[in-house]
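Notes to accompany the following structure.
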2 protein chains.
Amino acid sequence: MLDQRSPGDLTIEDVRTAHERIKPYIHRTPVLTSSFLNELTGAELFFKCENFQKAGAFKVRGASNSVFGLTDEVAKLGVATHSSGNHALSLSYAAGRRGIPCHVVMPRTAPQAKKDAVRGYGGIITECEPSTTSREEVFAKVQAETGAEFVHPYNDLRVITGQATCSLEMMEQTDGLDAVIAPIGGGGMISGTCLTLSNIAPDVDIYAAEPEQADDAYRSFKAGHIIADDAPETVADGLKVPLKDNTWHFVSHNVTDILTASEDEIIDAMKLTWARMKIVIEASCAVPLATILKNREVFAGRRVGVIITGGNVDLDKLPWIK
Amino acid sequence: MLDQRSPGDLTIEDVRTAHERIKPYIHRTPVLTSSFLNELTGAELFFKCENFQKAGAFKVRGASNSVFGLTDEVAKLGVATHSSGNHALSLSYAAGRRGIPCHVVMPRTAPQAKKDAVRGYGGIITECEPSTTSREEVFAKVQAETGAEFVHPYNDLRVITGQATCSLEMMEQTDGLDAVIAPIGGGGMISGTCLTLSNIAPDVDIYAAEPEQADDAYRSFKAGHIIADDAPETVADGLKVPLKDNTWHFVSHNVTDILTASEDEIIDAMKLTWARMKIVIEASCAVPLATILKNREVFAGRRVGVIITGGNVDLDKLPWIK
């Protein structure tokens with residue numbers, strides 16, 4: 001299985017195969033531009049809008065590639081993961097499309113809205129206590145009982161290969177880019193971006209954008225080894241998780257630089273995107289624009305692809321409304 | 001001038017001429033779909049997203065057609081209007097693109113954000129007291145002093161012809177429709193829709209959607225003559241103005257029916273659109289979806305074009321957050 005290869009073995013053919021495999025289950029999301037934001041930044045920005053993706057985020061690419069790449073024998077036992085975010089939604093969606101069960105281990109303290117959303121896509125939730133020990137115990141039990149295939153939210157080569165299809169589309173949809181920037185949490189999207197661009201457009205600079213308050217990837221990048229933080233706090237709640245071996249491979253080999261932004265800068269960029277582009281985006285995917293505004297000299301005069309990773313926001317609790 | 005013709009004289013050639021004239025200044029906005037909303041309504045919905053339009057609303061179509069249709073002699077004195085909403089923004093934008101002045105009479109009580117937005121597009125604001133008498137007095141004075149050409153927000157055939165380009169594009173972008181629905185305030189968008197569809201697709205039903213609390217168009221439609229209300233209150237603040245003779249012509253001749261929705265239904269449909277389609281839309285353009293959800297039997301099984309008229313929302317004051 002793909003899983004047992006190492007990240008350096010992945011090829012652009014794997015990405016193309018993944019793209020063909022998942023096409024029936026995902027949207028080819030549009031690339032939007034904003035003359036206002038181009039003027040403001042001095043760059044030419046191309047926003048790849050994965051907030052319009054199925055289940056509201058890019059994660060459905062990796063989840064679909066994992067689910068639809070399984071043999072029938074493995075698939076019939078279902079898939080399992082631990083996540084309270086977009087990966088849980090996406091895996092539930094993909095499993096539902098294949099007609100197999102999806103088991104999700106979630107802390108009992110997770111917001112009801114998130115549990116409802118996972119159940120809305122057909123996911124079967126098993127609750128754990130809000131601690132790593134409990135999560136691991138409960139997850140092991142669920143997996144033992146069901147025999148379901150574990151699909152890690154990002155440290156899984158099938159997932160990374162699925163996320164890689166996003167920049168494959170973006171390169172087809174734009175007429176050449178000088179740089180691409182995406183948010184970094186566990187590094188699944190950035191790894192996929194590296195996988196694609198290092199093969200088909202090795203001259204394109206790849207930037208990762210991270211909250212200052214959860215800058216473990218930034219510090220890892222500077223230190224040359226993975227540094228994992230314990231439960232950082234940031235409004236960009238998709239970006240709290242640490243790098244793992246597979247994603248570290250791509251970050252350490254292919255990323256040009258990691259840029260950070262403060263909480264206020266992230267919230268301002270999020271609100272600015274809503275106000276001027278009229279799209280609903282998560283705080284996580286406002287981090288790239290926040291860093292572009294802050295590092296004008298890096299991006300001005302260049303054609304920059306910006307990956308808008310998702311749009312699953314609690315509309316009752318917006319970070320700029322106190 | 002076009003202005004001195006009657007609404008019945010307008011032809012599809014006028015619309016096509018307007019479209020060619022304004023193309024350099026507007027976006028061909030995308031048509032989005034949502035499998036979630038299709039399932040929920042039982043209809044096949046095609047959302048024409050004028051929230052992505054220049055200046056954030058469809059009004060830039062009519063404003064651009066007015067501004068760029070002027071002779072150089074008339075244009076050099078500029079244009080003028082009274083509006084505190086999207087028409088003022090749009091006319092300022094279009095005048096700026098032509099390099100002529102745009103005079104806007106606005107109540108001094110209008111929100112600072114709206115004044116800033118108009119000035120941001122280069123509009124020259126003259127403030128009046130918040131009464132019709134004061135507005136008319138101040139406007140007459142501005143016009144006398146400047147000689148600027150008056151462009152009414154909706155009861156102007158140049159404006160109606162400009163708005164008509166929206167459904168021209170929508171019909172090109174979709175593979176045939178059974179019905180089109182748009183919000184109705186003064187009736188500019190609906191009139192443009194009637195102008196286009198009655199010529200190129202006369203079998204398509206045209207529905208107008210209106211807040212119950214500002215249902216003057218509904219009552220006018222049923223009564224067979226214009227009924228104007230004095231300052232109705234609704235969250236759909238673009239829809240408070242009454243029909244006028246030119247828009248009444250189209251409403252009375254070409255509209256299939258007018259449907260209404262309550263304030264709560266409008267707010268729910270607005271939030272649902274943000275949550276599921278990930279787009280920022282004004283309360284006004286949630287009224288069509290609210291009426292579709294309420295009148296399932298009218299729309300189920302049909303291909304329905306829904307005009308999303310604009311996305312200029314005060315993000316600090318969302319109607320579902322108390």
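Following the order of the structure tokens, first chain is A, next is B, and so on, with residues numbered from 1 inside each chain and ligands from 1 in the order they appear.
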#### Entry: Selection: 8 Å around region 214-229 of chain A, only C-alpha atoms, excl. self and same-chain fewer than 5 positions, as a ChimeraX atom specification
/A:184-185,234,239-240,242-244,248,251-252,258-260
Any chance you can output those residues with all heavy atoms as a CSV table (one decimal), in the first residue's frame?
chain,number,residue,atom,x,y,z
A,184,ILE,N,0.0,26.7,7.4
A,184,ILE,CA,0.6,25.5,7.9
A,184,ILE,C,0.1,25.1,9.3
A,184,ILE,O,0.2,26.0,10.2
A,184,ILE,CB,2.1,25.5,7.7
A,184,ILE,CG1,2.7,24.1,8.0
A,184,ILE,CG2,2.8,26.5,8.6
A,184,ILE,CD1,4.1,23.9,7.5
A,185,GLY,N,-0.4,23.9,9.5
A,185,GLY,CA,-0.7,23.4,10.8
A,185,GLY,C,0.1,22.1,10.9
A,185,GLY,O,1.3,22.2,11.2
A,234,THR,N,-4.7,29.8,19.4
A,234,THR,CA,-4.8,30.8,18.3
A,234,THR,C,-6.2,30.8,17.7
A,234,THR,O,-6.9,29.8,17.8
A,234,THR,CB,-3.8,30.5,17.2
A,234,THR,OG1,-4.1,31.3,16.1
A,234,THR,CG2,-3.8,29.1,16.8
A,239,LEU,N,-4.8,25.3,12.8
A,239,LEU,CA,-3.4,25.3,12.7
A,239,LEU,C,-2.6,25.0,14.0
A,239,LEU,O,-1.5,25.3,14.2
A,239,LEU,CB,-2.9,26.6,12.1
A,239,LEU,CG,-3.6,27.1,10.8
A,239,LEU,CD1,-3.0,28.4,10.3
A,239,LEU,CD2,-3.5,26.0,9.8
A,240,LYS,N,-3.3,24.4,15.0
A,240,LYS,CA,-2.7,24.1,16.3
A,240,LYS,C,-1.8,22.9,16.3
A,240,LYS,O,-1.0,22.7,17.2
A,240,LYS,CB,-3.8,24.0,17.3
A,240,LYS,CG,-4.5,25.3,17.5
A,240,LYS,CD,-5.7,25.1,18.6
A,240,LYS,CE,-6.4,26.4,18.8
A,240,LYS,NZ,-7.5,26.1,19.8
A,242,PRO,N,0.9,19.8,15.4
A,242,PRO,CA,2.3,19.9,15.1
A,242,PRO,C,2.6,19.1,13.8
A,242,PRO,O,1.9,18.2,13.4
A,242,PRO,CB,3.0,19.1,16.3
A,242,PRO,CG,2.0,18.1,16.7
A,242,PRO,CD,0.6,18.8,16.5
A,243,LEU,N,3.8,19.4,13.2
A,243,LEU,CA,4.3,18.6,12.1
A,243,LEU,C,4.6,17.2,12.6
A,243,LEU,O,4.8,16.9,13.7
A,243,LEU,CB,5.6,19.2,11.6
A,243,LEU,CG,5.5,20.6,11.0
A,243,LEU,CD1,6.9,21.2,10.8
A,243,LEU,CD2,4.8,20.6,9.7
A,244,LYS,N,4.6,16.2,11.6
A,244,LYS,CA,5.0,14.8,11.9
A,244,LYS,C,6.0,14.4,10.8
A,244,LYS,O,6.2,15.2,9.9
A,244,LYS,CB,3.7,13.9,11.8
A,244,LYS,CG,2.6,14.3,12.8
A,244,LYS,CD,2.7,13.4,14.0
A,244,LYS,CE,1.6,13.7,15.0
A,244,LYS,NZ,1.9,13.0,16.3
A,248,TRP,N,7.1,16.8,7.7
A,248,TRP,CA,8.4,17.4,8.0
A,248,TRP,C,9.3,17.1,6.8
A,248,TRP,O,10.1,18.0,6.4
A,248,TRP,CB,9.0,16.9,9.3
A,248,TRP,CG,10.4,17.3,9.5
A,248,TRP,CD1,11.5,16.5,9.5
A,248,TRP,CD2,10.9,18.7,9.6
A,248,TRP,NE1,12.7,17.3,9.7
A,248,TRP,CE2,12.3,18.6,9.7
A,248,TRP,CE3,10.2,19.9,9.7
A,248,TRP,CZ2,13.1,19.7,9.9
A,248,TRP,CZ3,11.0,21.0,9.9
A,248,TRP,CH2,12.4,20.9,10.0
A,251,VAL,N,8.3,19.8,4.3
A,251,VAL,CA,8.6,21.2,4.8
A,251,VAL,C,10.1,21.4,4.8
A,251,VAL,O,10.6,22.5,4.3
A,251,VAL,CB,8.1,21.4,6.2
A,251,VAL,CG1,8.6,22.6,6.9
A,251,VAL,CG2,6.5,21.3,6.2
A,252,SER,N,10.9,20.4,5.2
A,252,SER,CA,12.4,20.6,5.3
A,252,SER,C,13.0,20.6,4.0
A,252,SER,O,14.1,21.2,3.8
A,252,SER,CB,13.0,19.6,6.3
A,252,SER,OG,12.7,18.3,5.8
A,258,ILE,N,8.9,30.2,6.1
A,258,ILE,CA,7.7,30.2,6.9
A,258,ILE,C,7.6,31.6,7.4
A,258,ILE,O,8.5,32.1,8.0
A,258,ILE,CB,7.7,29.1,8.0
A,258,ILE,CG1,7.9,27.7,7.3
A,258,ILE,CG2,6.5,29.2,8.8
A,258,ILE,CD1,7.7,26.6,8.3
A,259,LEU,N,6.4,32.2,7.2
A,259,LEU,CA,6.1,33.6,7.7
A,259,LEU,C,5.0,33.5,8.8
A,259,LEU,O,4.1,32.7,8.7
A,259,LEU,CB,5.7,34.5,6.5
A,259,LEU,CG,6.7,34.5,5.3
A,259,LEU,CD1,6.0,35.2,4.1
A,259,LEU,CD2,8.0,35.2,5.7
A,260,THR,N,5.1,34.4,9.7
A,260,THR,CA,4.1,34.4,10.8
A,260,THR,C,3.3,35.7,10.9
A,260,THR,O,3.8,36.8,10.5
A,260,THR,CB,4.7,34.1,12.2
A,260,THR,OG1,5.6,35.1,12.5
A,260,THR,CG2,5.5,32.8,12.1
Could you give me, as CSV, every region 87-150 of chain A residue with an atom at most 7 Å from region 54-73 of chain A, plus its closest atom pair and distance in Å to one decimal, counting only C-alpha atoms, rows ordered by chain then number?
residue,atom,partner,partner_atom,distance
A:His87,CA,A:Lys59,CA,5.6
A:Leu89,CA,A:Ala55,CA,6.5
A:Ser90,CA,A:Val60,CA,4.6
A:Leu91,CA,A:Ala63,CA,5.0
A:Ala94,CA,A:Ser64,CA,5.1
A:Ala95,CA,A:Val67,CA,6.3
Output N, CA, C and O atoms of each residue in that selection to a file, as a PDB file, in the first residue's frame.
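This is the output file out_16.pdb:
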ATOM      1  N   HIS A  87     -11.145  17.392   8.826  1.00  0.00           N
ATOM      2  CA  HIS A  87     -10.805  16.040   8.371  1.00  0.00           C
ATOM      3  C   HIS A  87     -11.916  15.051   8.739  1.00  0.00           C
ATOM      4  O   HIS A  87     -12.242  14.151   7.947  1.00  0.00           O
ATOM      5  N   LEU A  89     -15.115  15.712   9.080  1.00  0.00           N
ATOM      6  CA  LEU A  89     -16.218  15.966   8.150  1.00  0.00           C
ATOM      7  C   LEU A  89     -15.933  15.331   6.798  1.00  0.00           C
ATOM      8  O   LEU A  89     -16.797  14.674   6.199  1.00  0.00           O
ATOM      9  N   SER A  90     -14.716  15.549   6.321  1.00  0.00           N
ATOM     10  CA  SER A  90     -14.358  15.133   4.971  1.00  0.00           C
ATOM     11  C   SER A  90     -14.298  13.621   4.846  1.00  0.00           C
ATOM     12  O   SER A  90     -14.750  13.047   3.854  1.00  0.00           O
ATOM     13  N   LEU A  91     -13.739  12.986   5.869  1.00  0.00           N
ATOM     14  CA  LEU A  91     -13.646  11.527   5.836  1.00  0.00           C
ATOM     15  C   LEU A  91     -15.053  10.917   5.902  1.00  0.00           C
ATOM     16  O   LEU A  91     -15.349   9.936   5.213  1.00  0.00           O
ATOM     17  N   ALA A  94     -16.547  11.334   2.409  1.00  0.00           N
ATOM     18  CA  ALA A  94     -15.981  10.412   1.415  1.00  0.00           C
ATOM     19  C   ALA A  94     -16.454   8.980   1.677  1.00  0.00           C
ATOM     20  O   ALA A  94     -16.832   8.256   0.749  1.00  0.00           O
ATOM     21  N   ALA A  95     -16.448   8.583   2.959  1.00  0.00           N
ATOM     22  CA  ALA A  95     -16.912   7.234   3.303  1.00  0.00           C
ATOM     23  C   ALA A  95     -18.376   7.057   2.912  1.00  0.00           C
ATOM     24  O   ALA A  95     -18.786   6.013   2.387  1.00  0.00           O
TER      25      ALA A  95
END
Can you check which residues of chain B have any atom within 6 Å of chain A? Use only C-alpha atoms and format it as a PDB file with N, CA and C atoms, in the first residue's frame.
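Result went into selection_26.pdb, see below:
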ATOM      1  N   LYS B 278     -20.749  29.601   1.558  1.00  0.00           N
ATOM      2  CA  LYS B 278     -19.496  30.308   1.889  1.00  0.00           C
ATOM      3  C   LYS B 278     -19.369  31.628   1.142  1.00  0.00           C
ATOM      4  N   ILE B 279     -20.511  32.273   0.900  1.00  0.00           N
ATOM      5  CA  ILE B 279     -20.445  33.591   0.274  1.00  0.00           C
ATOM      6  C   ILE B 279     -21.134  34.608   1.171  1.00  0.00           C
ATOM      7  N   VAL B 280     -20.612  35.831   1.136  1.00  0.00           N
ATOM      8  CA  VAL B 280     -21.176  36.935   1.908  1.00  0.00           C
ATOM      9  C   VAL B 280     -22.239  37.617   1.046  1.00  0.00           C
TER      10      VAL B 280
END
### Task
Please give the complete set of residues from region 39-240 of chain B that DSSP, run on the backbone, assigns to helix (DSSP H, G or I), formatted as an MDAnalysis selection string.
chainID B and resid 39:41 50:52 54:56 59:68 72:75 86:98 112:120 132:146 157:173 188:200 212:214 216:223 237:239
### Task
Within 10 Å of His249 (chain B), counting only C-alpha atoms, which residues show up once you throw out same-chain ones fewer than 6 positions away? Write them as a VMD selection string, please.
chain B and resid 6 to 8 187 191 194 243
### Task
Identify, on the basis of only C-alpha atoms, every residue whose closest approach to Val142 (chain A) does not exceed 10 Å; exclude the query and any residue fewer than 4 positions from it along the same chain; express the result as a ChimeraX atom specification.
/A:80-81,103-105,126,136-138,146-148
